[in-house]
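Novice: Dumping the structure here so I can ask a few things about it.
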Amino acid sequence: MLRCPNLVEAYIHDRQGEDEYLPPYYLKENWFTEPVVFLHLKVFLWDWSHDGSDWAEVFLERIQTPSLCTLVLVASYDGQLQELSSGERCFIDQLPRTLRTLELQQVTDIDVDGLGHLSYKSSLENLIVSYCEFNAMVTIFNTLCPPKSTIDQPVCLPLLKSLLFVSCTVGEDDDTPLELNIAQLEPLVEALEHRLGKDVTFKLEFSRLGVD
C-alpha cells in the first residue's frame, strides 16, 4: 500500500508480517520518515484490531487521506471502538470534510466522543451499522437523539440522510436476531421527529433485525 500512492480504494483486514515486530523508532526512521499521503483514496477499510501492533500505530499517525469519501471501521479483534491510542486519534483527527459515509462493523462498544465524525460538526450523510451488538446500537440511538435543553443546541450528525442497521445481535457469540421494542427505539424516533421537517427525506433501514 505504501508504494501505491494513487490508490482509490484500500481494504486492510490482516496486517500480520515480519514488519509487524519492528520497533516504532525503526519504522519512523526507515518506513515513515514523512507523512503518507493518499491524495486519491476514496474508500478505506481498516480493521481496528487493537492488537498492539507498532506498525499499525505508526501508520495511523502518518497517513493522510484528504479526499476520503467512505470509511469502514471493523472491530473484529475485540469489538471495541473506544479508548483510542495516539495513532488512532491522529487518524480520526485528519479525516476530511469530504467524508460522507461511515460504516461500523462488528462493534460491541463505541466511544462516540472519540470518533469525531459522530459529532455535531460531522459531514457524514450516511451511517451504516452492521454485525454489531445491541450496546453499540443503543449508543448510536442516544447519540442521534436531540438535546432536550434547548431547540437551538446543535445535533450530532446534522447532515445525516441515511441510517442502516444490518444483522445486529443481542450479544457476543449469540446469533439470536435482535428484536427492538418501542422503548428501545424511542431515542431514534425522537431524532427522526426532530430532523424530518417539511420536504425533508430520510432513509432508515433495518435489515435482518426484529422490530416490535
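Following the order of the C-alpha cells, first chain is A, next is B, and so on, with residues numbered from 1 inside each chain and ligands from 1 in the order they appear.
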Give me every strand (DSSP E) residue in region 19-158 of chain A, going by DSSP on the backbone, as a ChimeraX atom specification.

Specialist: /A:36-37,43-47,63-64,70-74,80-81,101-105,109-110,126-130

Novice: Considering only C-alpha atoms, return as a PyMOL selection string whatever protein or nucleic-acid residues lie within 9 Å of Val166 (chain A), sequence-local ones (same chain, fewer than 2 positions apart) excluded.

Specialist: chain A and resi 128-132+164+168+205-209

Novice: Determine which residues of region 28-119 of chain A receive a DSSP assignment of alpha helix (DSSP H), computed from the backbone, and state them as JSON, numbers by chain.

Specialist: {"A": [28, 29, 30, 54, 55, 56, 57, 58, 59, 60, 61, 62, 86, 87, 88, 89, 90, 91, 92, 93, 94]}

Novice: Can you tell me, as a PyMOL selection string, what residues are no more than 10 Å from region 23-31 of chain A when counting only C-alpha atoms, ignoring any on the same chain fewer than 2 positions away?

Specialist: chain A and resi 2+19-21+33-34+36+53-59+62

Novice: Limited to N, CA and C atoms, could you put the picked residues into a file as a CSV table (one decimal), in the first residue's frame?

Specialist:
chain,number,residue,atom,x,y,z
A,2,LEU,N,2.0,1.2,0.7
A,2,LEU,CA,2.8,2.4,0.8
A,2,LEU,C,3.5,2.7,-0.5
A,19,ASP,N,7.2,-7.2,9.3
A,19,ASP,CA,7.3,-5.8,9.7
A,19,ASP,C,6.5,-5.4,10.9
A,20,GLU,N,5.6,-6.3,11.3
A,20,GLU,CA,4.7,-6.0,12.5
A,20,GLU,C,5.6,-5.9,13.8
A,21,TYR,N,6.7,-6.5,13.8
A,21,TYR,CA,7.5,-6.6,15.0
A,21,TYR,C,8.7,-5.7,15.0
A,33,THR,N,9.3,8.2,7.3
A,33,THR,CA,10.0,9.4,7.5
A,33,THR,C,9.2,10.7,7.2
A,34,GLU,N,8.2,10.6,6.4
A,34,GLU,CA,7.3,11.7,6.0
A,34,GLU,C,5.9,11.2,6.1
A,36,VAL,N,2.3,9.9,5.0
A,36,VAL,CA,1.9,9.0,3.9
A,36,VAL,C,0.6,9.6,3.4
A,53,SER,N,0.0,-3.6,17.7
A,53,SER,CA,0.9,-3.5,16.5
A,53,SER,C,1.6,-2.1,16.4
A,54,ASP,N,2.9,-2.1,16.5
A,54,ASP,CA,3.6,-0.8,16.4
A,54,ASP,C,3.5,-0.3,15.0
A,55,TRP,N,3.5,-1.2,14.0
A,55,TRP,CA,3.4,-0.8,12.6
A,55,TRP,C,2.1,-0.1,12.4
A,56,ALA,N,1.0,-0.7,12.9
A,56,ALA,CA,-0.3,0.0,12.7
A,56,ALA,C,-0.3,1.3,13.4
A,57,GLU,N,0.2,1.4,14.5
A,57,GLU,CA,0.2,2.7,15.3
A,57,GLU,C,0.9,3.8,14.5
A,58,VAL,N,2.1,3.5,14.0
A,58,VAL,CA,2.9,4.5,13.3
A,58,VAL,C,2.2,4.8,12.0
A,59,PHE,N,1.7,3.8,11.3
A,59,PHE,CA,1.0,4.0,10.0
A,59,PHE,C,-0.2,5.0,10.2
A,62,ARG,N,0.8,8.6,10.6
A,62,ARG,CA,1.4,9.2,9.4
A,62,ARG,C,0.4,9.4,8.2

Novice: Can you list, as an MDAnalysis selection string, every protein, DNA or RNA residue that comes within 9 Å of Asn6 (chain A) when you count only C-alpha atoms, leaving out same-chain residues fewer than 2 positions away?

Specialist: chainID A and resid 3:4 8 38:41

Novice: Output C-alpha atoms for every residue in the selection just made, as a short mmCIF file (atom, residue, chain, number, x, y, z; two decimals), in the first residue's frame.

Specialist:
data_model
loop_
_atom_site.label_atom_id
_atom_site.label_comp_id
_atom_site.auth_asym_id
_atom_site.auth_seq_id
_atom_site.Cartn_x
_atom_site.Cartn_y
_atom_site.Cartn_z
CA ARG A 3 4.18 2.00 -2.71
CA CYS A 4 0.81 2.80 -4.30
CA VAL A 8 -8.57 4.92 -4.98
CA PHE A 38 -3.09 9.15 -0.45
CA LEU A 39 -4.47 12.04 -2.47
CA HIS A 40 -6.94 9.96 -4.47
CA LEU A 41 -8.14 7.50 -1.81
#

Novice: Rank A:Cys156, A:Leu192, A:Leu22, A:Met137 by their smallest atom-to-atom distance to Gln105 (chain A), using only C-alpha atoms, and report the top residue only.

Specialist: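 Answer, going by the shortest atom-to-atom distance: A:Met137.
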